[in-house]
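Remarks on the structure that follows.
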Amino acid sequence: MSASAVFVLDLKGKVLICRNYKGDVDMSEIDHFLTLLMQQEEEGLMCPVISHGSVHFMWIKHSNLYLVATTNKNSNASLVYAFLYKLVEVFTEYFKELEEESIQDNFVVVYELLDELMDFGFPQTTDSKILQEYITQEGNKLEVAKTKVPTTVTNAVSWRSEGLKYKKNEVFIDVIESINVLVNANGSVMSSDIVGSIKLKTMLSGMPELRLGLNDRVLFALTGRDKGKTVAMEDVKFHQCVRLSRFESDRTISFIPPDGESELMSYRINTHVKPLIWIESVIEKFSHSRVEIMVKAKGQFKKQSVANNVEVRVPVPSDADTPKFKTSTGHAKYVPEKNLVVWTIKSFPGGKEFLMRAHFGLPSVENDEMEGKPPITVKFEIPYFTVSGIQVRYMKIIEKSGYQALPWVRYITQSGDYQLRTNA
Amino acid sequence: MPYFGSEETVKDLKRALSNPNVQTDRLRYRNYIIRVIRSMTQGLDVSSLFMDMVKASATVDIVQKKLVYLYMVTYASRKPDLALLAINTLRKDCADPNPMVRGLALRNMCNFRMPGITEYIQQPILSGLRDKASYVRRVAVLGCAKMHSLQPNTEIDPSMVNELYSLLRDPDPVVMVNSLRALEEILRDEGGVVINKPIAHHLLNRLKDLDSWAQSEVLTFLLRYRPRSNDELFDILSLLDDFLHSAHAPVMAATLRLFLHLATAHPAVQADALLRVHGPLLATCGSASRELRFAGLCHVQQVLRSQPALYGNHYKRFFCGYSEPGYIKFRKMEILVELVNDENVALVLEELKSYCTDVSTELAQAAIAAIGRIGRTYNEKCLDILTGLLALKQEHIASAVIQTFRDLVWFCPKSSVAVCKAVEGCDESLQDDEGKQALLWLLGEYGEQISGAPYVLEGFIDSLKVELCSVVKMELLTAAVKLFLCRPAEMQDILGRLLHYCIEEESDMCVRDRALMYYRLLQSGVDETRKVLLGPKSDPSMTVLTGRPEEPVNIWASSFNTLGPLCGTVACLENTSAENSVQQLHSAEEKDGAEEFKLSPPEQTLRTEAIEEELSCIADAAEELNLTMGPPLSHEAFERLWLELQVAHQQALGIPRPAETLETLQAAFQLVKIQTLAFTRTDAVPWKAYMYSRAGGTLILAELLQGAPEESESIGNLLVSVKQQPENQQAIRSFFSVLTNVLQTLSSHGSQN
């Protein structure tokens, strides 16, 4: 990869901040970017790569910003995108929200970061934890002392600083599974899968060695154990701290954890899961007069479990008016700017069934524009439960000072890309 | 972009910066500098403050230093004389006890893009390369590359290059990778950094210590290395194995590319690697970032060119999400078309059908075209869907359906009956030029079967005055004349009016000339016209062997994981190869009988294997003579060349045509690196086959011909005509000997069995 320059533009194409890393592409080339993008958009042929002469723009959009990298080589495109997303990630960790205002307010830090993240078009230090050790927003408070190169920049273990100390040594483990479902208009499940991730919040002193045990099917098959439920994971991916060779040889997950929050691993399970919240909908549209919507939601999970903060988002025509709702539980709200009815149910026990009816008026003069058929989407969270049945069997923590540390485990299942197509 | 009051602002800042009271209050001083940078960021020209900023660089406050350096780098090229004054401060900072300051100063000094800077930065860079802090070494290494890019034509300093090569062994991984990057830039004219065996092995061993950016880049550099032995090759491959499952999609893709490249000579290993990454690749296709998802899809498309069956079961992953951007949906549809098989066809079509009514016109039309592509194999199902879509009476849908119909009947003439029935009465919903052209073509070609055809044409002719598109008019002329030939009674009057209008009133010369041509053609007699217009379009007995042959991995492996496939070059390639087979205009060879070429039943493959062994001996011989297939030649290109070139050599082989099935023949020829493009069906007389190969830098095209049985001398005697570009008799001789060998083997086998 090599990016000649990186730009942050506002939606009008004005350069908010830029950095010319290589000096081999004319910086004024960026003026063509938005024109070309608009042109593509009009033709309906938008593409994340835009070429102008020998210059290629690779761009992503984040809130009200475009992040653009220019190059004049046939470089590795996915790496450039990954870098742009890394920029977003780092900036977001610094400013909470990455948007035009935060760039303007923090341009000093942005310049500092751009300087450290990339040099001569090559990514350098991109780990935001390490960056945060020597580039801080509090830099404005004028501290002369804190200008040492952090040890992590040169450390053997690049993801963890030495000499950390905590009074109470604890690790919090979150097992989070997201369910992606796509249901056809006639009610058949087109695709469903589970994307899981194990997140850590580490508050441990020194350089601890951790070992994580899961009810991994391959591991159980290796060791000949076959009691209890096991899970077959696919596409398992680890944080760079995990020793891959050990996992490959005997499925042991052993590592020196990064300090603070991090994602230890992710996996995918491709088994067919029953949609945890099933939606049946009848949307009847009487032209020039009204739309009637009936939505039935059913919790298809264990009775003991409860889904929290359930949101069923039902699309309505953009010209609908005078909403009327009736719900058997929770409350429904019309969000006209998104053309949605959002039905919120704070707590949804398994096995229960709820009903929502909505009535909208339609203007007698019909909207000429054709409208798409957006699907119904559902959001929910079910704590203390994983669909796949994955379990943390143990977490061993060994540090040479020999302290005792406590691991805490939390399980949660949530909706990912959960879509049900409608007829209307 | 100067704006009102900008001069005032600059003056204010200048006054403040030179105020000794401000200079002593560090916080205030820095705040003014921040204001300078803010003005600079907003596009204000603050270059007149250069001197004051140089002064401000002498500070212990590192943030202030950074800002001042940034300022200097921005304006250095505009004020080179003043920038030289800053050099001293920077050089002093390069010797600062704090490595952070040293690195910072060195990096910014190297970023000054102005003439004459090199003499000042050379020394600091060289000492930076030996600095004990890796942070400084990282900067210094890239500094070498920057220095070179400032003076691209100067001689390369060999001692610096050596130093950089030795820094490949630096304990800091980033220094190591930066050295690679710097060497690559500096040695570009000599072909970039040299990756020899010790370096390659060193890099491979360090790979796991690197971050994901460095990993991807090192993997790309390793493409240059060729292992000496198979043992070494497989050692490397097993080392790379872990990285195929990297958490970072770019690393995975880079590893796959290296894997495919290293295993060029081992197709089985390549296939195995593709099989193993299909999970991770699928995962990138579902990645949260839409750009990475797009990149993943483009990669899958490349893999599909060689292994169309690999993703068949995962077709559901390529269903479009509602909120996905168009470019992803288009790619997904292209992939779905490739993935269709007997099991999933119903669901895929169901899914594509739901896209046909999408709000986005382009998407809907692309979905319709996709159904048409599937229709070449699964004819009836698709025709039903397409016909159903016509009933929606939507303008853009109807247009796309009609265009799809036109392409479909070209491929599958048997679908014409259903198409004709559907076309009836859909003329009103067509408004765009492409749709009209397609409809007119269908009316002209199949007018006999469409009862209302003359009336539709009449409608077009009546509104001719308001028609703007000349291509539509020309298509209308052709359609009207064709229809006149089969339905003269209904068409005579209409055609007369059309020709009259086009010749007398039309202002577009192309249309007028076309009309005149048809008019004179008709004058010379109906039979003549029929011969010209309704003559066979192509030799119906010549059919393409397979829709698109599976390409060897090596054809696309070199562009894998680069920008190329994302820019749509792949899509173009595919389109042309798909259309080629339509345009087989072998007008010279007129034949009747439109039977389809049928693939032989599978039991024949057993015999193929038996023959294979013998053939492999010939194949060895062939390699000595250097026959290669090279990049695939499209049917269109073959045909063009065949028509252009003269016969270089013609010879009767004295061998009868082998009695083997066409598949066996094709497989046999492929073994000796001769690619067959087309055959006539087995019992056709005269029997023909076209093939090509490459040898000694030339392209050899060949035709095998077995004449009709009544010409007694041609019985049992294959006539071979060879055309070549450029001429090379040696290559022809090799080609003949290989060809004769194969045919002899095959026919002796045929007689044994």
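How things are named: the first chain in the structure tokens is A, the next is B, and so on; residues count from 1 in each chain; ligands count from 1 in the order shown.
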
(request) Determine which residues of stretch 451-537 of chain B DSSP labels as helix (DSSP H, G or I) from the backbone of this structure, then write them out as number ranges by chain. (result) B: 453-462, 464-466, 470-486, 488-504, 509-523, 526-534

(request) Would you list the contacts of A:Ala3 as a list in words, taking every protein, DNA or RNA residue within 8 Å and counting only C-alpha atoms, but skipping same-chain residues closer than 4 positions in sequence? (result) Tyr21, Lys22, Ala69, Thr70, Thr71, Val80, Gly121 and Phe122 of chain A

Would you write out, as a tab-separated table, a table of all residues in chain B that have an atom no more than 7 Å from an atom of chain A, listing for each the closest atom pair and the distance in Å to one decimal, considering only C-alpha atoms and ordering rows by chain and rising residue number?
residue	atom	partner	partner_atom	distance
B:Thr41	CA	A:Ile17	CA	6.5
B:Val60	CA	A:Val144	CA	6.9
B:Asp61	CA	A:Val144	CA	5.8
B:Ile62	CA	A:Thr147	CA	6.9
B:Val63	CA	A:Gly139	CA	6.9
B:Asn98	CA	A:Lys148	CA	6.8
B:Pro99	CA	A:Val149	CA	6.8
B:Met100	CA	A:Val149	CA	5.6
B:Ser134	CA	A:Thr154	CA	6.4
B:Leu142	CA	A:Phe120	CA	7.0
B:Asp172	CA	A:Thr154	CA	6.9
B:Trp213	CA	A:Pro123	CA	6.7
B:Glu217	CA	A:Met1	CA	6.8
B:Ser246	CA	A:Lys237	CA	6.6
B:Ala247	CA	A:Lys237	CA	4.6
B:Pro250	CA	A:Leu79	CA	5.6
B:Gly279	CA	A:Asp235	CA	6.3
B:Pro280	CA	A:Asp235	CA	6.0
B:Glu291	CA	A:Pro48	CA	6.4
B:Leu292	CA	A:Ser78	CA	6.0
B:Ala295	CA	A:Ser78	CA	6.1
B:Lys316	CA	A:Ser191	CA	6.1
B:Tyr322	CA	A:Pro374	CA	6.4
B:Gly326	CA	A:Met46	CA	6.7
B:Tyr327	CA	A:Cys47	CA	5.7
B:Asp358	CA	A:Gly372	CA	6.2
B:Val359	CA	A:Gly372	CA	5.1
B:Glu362	CA	A:Gly44	CA	6.7
B:Asn561	CA	A:Asn76	CA	5.9
B:Thr562	CA	A:Asn76	CA	4.4
B:Leu563	CA	A:Ala77	CA	5.0
B:Gly564	CA	A:Asn74	CA	6.8
B:Cys567	CA	A:Val49	CA	6.6

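Our summary of the geometry notes that atom CA of B:Cys144 is positioned 19.9 Å from atom CA of B:Leu70.
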
(message) Residues near stretch 218-220 of chain A, anyone? I mean within 8 Å using only C-alpha atoms, not counting same-chain ones fewer than 6 positions away, as a PyMOL selection string.
(response) chain A and resi 226+230+232+250-251

(request) Quote the spacing between atom CA of A:Leu406 and atom CA of A:Glu209 in Å to one decimal place. (result) 13.7 Å

(request) Skip B:Phe318 itself and residues of its chain fewer than 2 positions away, then list as a PyMOL selection string all residues within 8 Å of it, counting only C-alpha atoms. (result) chain B and resi 314-316+320+332-333+335-336

Written file, previous selection with all heavy atoms, as a PDB file, in the first residue's frame:
ATOM      1  N   HIS B 314     -23.077 -21.309  -0.747  1.00  0.00           N
ATOM      2  CA  HIS B 314     -23.138 -20.120   0.106  1.00  0.00           C
ATOM      3  C   HIS B 314     -23.877 -18.991  -0.576  1.00  0.00           C
ATOM      4  O   HIS B 314     -23.689 -17.835  -0.244  1.00  0.00           O
ATOM      5  CB  HIS B 314     -21.728 -19.664   0.462  1.00  0.00           C
ATOM      6  CG  HIS B 314     -20.947 -20.715   1.179  1.00  0.00           C
ATOM      7  ND1 HIS B 314     -21.129 -20.971   2.505  1.00  0.00           N
ATOM      8  CD2 HIS B 314     -20.013 -21.581   0.736  1.00  0.00           C
ATOM      9  CE1 HIS B 314     -20.314 -21.961   2.864  1.00  0.00           C
ATOM     10  NE2 HIS B 314     -19.646 -22.340   1.813  1.00  0.00           N
ATOM     11  N   TYR B 315     -24.703 -19.341  -1.553  1.00  0.00           N
ATOM     12  CA  TYR B 315     -25.321 -18.278  -2.358  1.00  0.00           C
ATOM     13  C   TYR B 315     -26.098 -17.291  -1.506  1.00  0.00           C
ATOM     14  O   TYR B 315     -26.223 -16.130  -1.843  1.00  0.00           O
ATOM     15  CB  TYR B 315     -26.231 -18.899  -3.419  1.00  0.00           C
ATOM     16  CG  TYR B 315     -27.383 -19.693  -2.865  1.00  0.00           C
ATOM     17  CD1 TYR B 315     -28.650 -19.133  -2.759  1.00  0.00           C
ATOM     18  CD2 TYR B 315     -27.199 -20.998  -2.441  1.00  0.00           C
ATOM     19  CE1 TYR B 315     -29.695 -19.856  -2.232  1.00  0.00           C
ATOM     20  CE2 TYR B 315     -28.238 -21.724  -1.919  1.00  0.00           C
ATOM     21  CZ  TYR B 315     -29.481 -21.154  -1.808  1.00  0.00           C
ATOM     22  OH  TYR B 315     -30.514 -21.867  -1.274  1.00  0.00           O
ATOM     23  N   LYS B 316     -26.596 -17.752  -0.353  1.00  0.00           N
ATOM     24  CA  LYS B 316     -27.416 -16.842   0.454  1.00  0.00           C
ATOM     25  C   LYS B 316     -26.610 -15.670   1.006  1.00  0.00           C
ATOM     26  O   LYS B 316     -27.162 -14.635   1.311  1.00  0.00           O
ATOM     27  CB  LYS B 316     -28.045 -17.600   1.615  1.00  0.00           C
ATOM     28  CG  LYS B 316     -29.244 -18.408   1.179  1.00  0.00           C
ATOM     29  CD  LYS B 316     -29.867 -19.126   2.345  1.00  0.00           C
ATOM     30  CE  LYS B 316     -31.112 -19.850   1.906  1.00  0.00           C
ATOM     31  NZ  LYS B 316     -31.581 -20.761   2.957  1.00  0.00           N
ATOM     32  N   CYS B 320     -28.806  -9.439  -1.375  1.00  0.00           N
ATOM     33  CA  CYS B 320     -28.547  -8.030  -1.082  1.00  0.00           C
ATOM     34  C   CYS B 320     -29.329  -7.575   0.134  1.00  0.00           C
ATOM     35  O   CYS B 320     -30.495  -7.915   0.298  1.00  0.00           O
ATOM     36  CB  CYS B 320     -28.947  -7.173  -2.267  1.00  0.00           C
ATOM     37  SG  CYS B 320     -28.067  -7.579  -3.750  1.00  0.00           S
ATOM     38  N   LYS B 332     -22.917  -8.315  -6.162  1.00  0.00           N
ATOM     39  CA  LYS B 332     -23.552  -9.502  -5.603  1.00  0.00           C
ATOM     40  C   LYS B 332     -24.394 -10.196  -6.671  1.00  0.00           C
ATOM     41  O   LYS B 332     -24.405 -11.424  -6.757  1.00  0.00           O
ATOM     42  CB  LYS B 332     -24.421  -9.107  -4.406  1.00  0.00           C
ATOM     43  CG  LYS B 332     -23.625  -8.877  -3.140  1.00  0.00           C
ATOM     44  CD  LYS B 332     -24.532  -8.758  -1.947  1.00  0.00           C
ATOM     45  CE  LYS B 332     -23.716  -8.826  -0.655  1.00  0.00           C
ATOM     46  NZ  LYS B 332     -24.540  -8.622   0.527  1.00  0.00           N
ATOM     47  N   MET B 333     -25.086  -9.412  -7.485  1.00  0.00           N
ATOM     48  CA  MET B 333     -25.902 -10.029  -8.522  1.00  0.00           C
ATOM     49  C   MET B 333     -25.034 -10.760  -9.543  1.00  0.00           C
ATOM     50  O   MET B 333     -25.354 -11.853  -9.967  1.00  0.00           O
ATOM     51  CB  MET B 333     -26.765  -8.971  -9.200  1.00  0.00           C
ATOM     52  CG  MET B 333     -27.951  -8.583  -8.353  1.00  0.00           C
ATOM     53  SD  MET B 333     -29.182  -7.719  -9.283  1.00  0.00           S
ATOM     54  CE  MET B 333     -28.528  -6.091  -9.266  1.00  0.00           C
ATOM     55  N   ILE B 335     -22.277 -12.113  -8.972  1.00  0.00           N
ATOM     56  CA  ILE B 335     -21.814 -13.353  -8.352  1.00  0.00           C
ATOM     57  C   ILE B 335     -22.935 -14.381  -8.324  1.00  0.00           C
ATOM     58  O   ILE B 335     -22.724 -15.552  -8.639  1.00  0.00           O
ATOM     59  CB  ILE B 335     -21.273 -13.069  -6.933  1.00  0.00           C
ATOM     60  CG1 ILE B 335     -19.986 -12.260  -7.034  1.00  0.00           C
ATOM     61  CG2 ILE B 335     -21.025 -14.358  -6.168  1.00  0.00           C
ATOM     62  CD1 ILE B 335     -19.433 -11.801  -5.720  1.00  0.00           C
ATOM     63  N   LEU B 336     -24.142 -13.938  -7.992  1.00  0.00           N
ATOM     64  CA  LEU B 336     -25.266 -14.878  -7.930  1.00  0.00           C
ATOM     65  C   LEU B 336     -25.447 -15.594  -9.268  1.00  0.00           C
ATOM     66  O   LEU B 336     -25.699 -16.793  -9.314  1.00  0.00           O
ATOM     67  CB  LEU B 336     -26.556 -14.128  -7.552  1.00  0.00           C
ATOM     68  CG  LEU B 336     -26.732 -13.839  -6.072  1.00  0.00           C
ATOM     69  CD1 LEU B 336     -27.972 -12.995  -5.833  1.00  0.00           C
ATOM     70  CD2 LEU B 336     -26.837 -15.132  -5.270  1.00  0.00           C
TER      71      LEU B 336
END

(request) Within 12 Å of stretch 184-193 of chain B, counting only C-alpha atoms, which residues show up once you throw out same-chain ones fewer than 6 positions away? Write them as a PyMOL selection string, please. (result) (chain A and resi 2+22+120-122) or (chain B and resi 141-158+160-162+164-165+168+177-178+199-200+217-218+220-225)

(request) Show which residues sit within 12 Å of B:Arg497, as a list in words. Count only C-alpha atoms, and ignore same-chain residues fewer than 5 positions away. (result)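 So, after excluding close chain neighbours, the residues are Leu457, Glu458, Phe460, Ile461, Asp462, Leu464, Leu477, Ala480, Val481, Met491, Gln492, Cys502, Ile503, Glu504, Glu505, Ala515 and Tyr519 of chain B.
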
(request) Calculate how many Å separate atom CA of A:Pro323 from atom CA of A:Val342, rounding to one decimal. (result) 12.0 Å

(request) For B:Ser18, please output as a VMD selection string all residues within 12 Å (counting only C-alpha atoms; exclusion window: fewer than 3 positions along the same chain). (result) chain B and resid 11 to 15 21 to 24 29 32 to 33 49 to 56

(message) Considering only strand (DSSP E) as DSSP defines it on the backbone, what residues of stretch 161-370 of chain A qualify? List them as a VMD selection string.
(response) chain A and resid 170 to 183 189 to 203 209 to 214 234 to 238 253 to 255 260 to 269 277 to 286 290 to 299 306 to 315 321 to 327 331 to 335 340 to 349 353 to 361
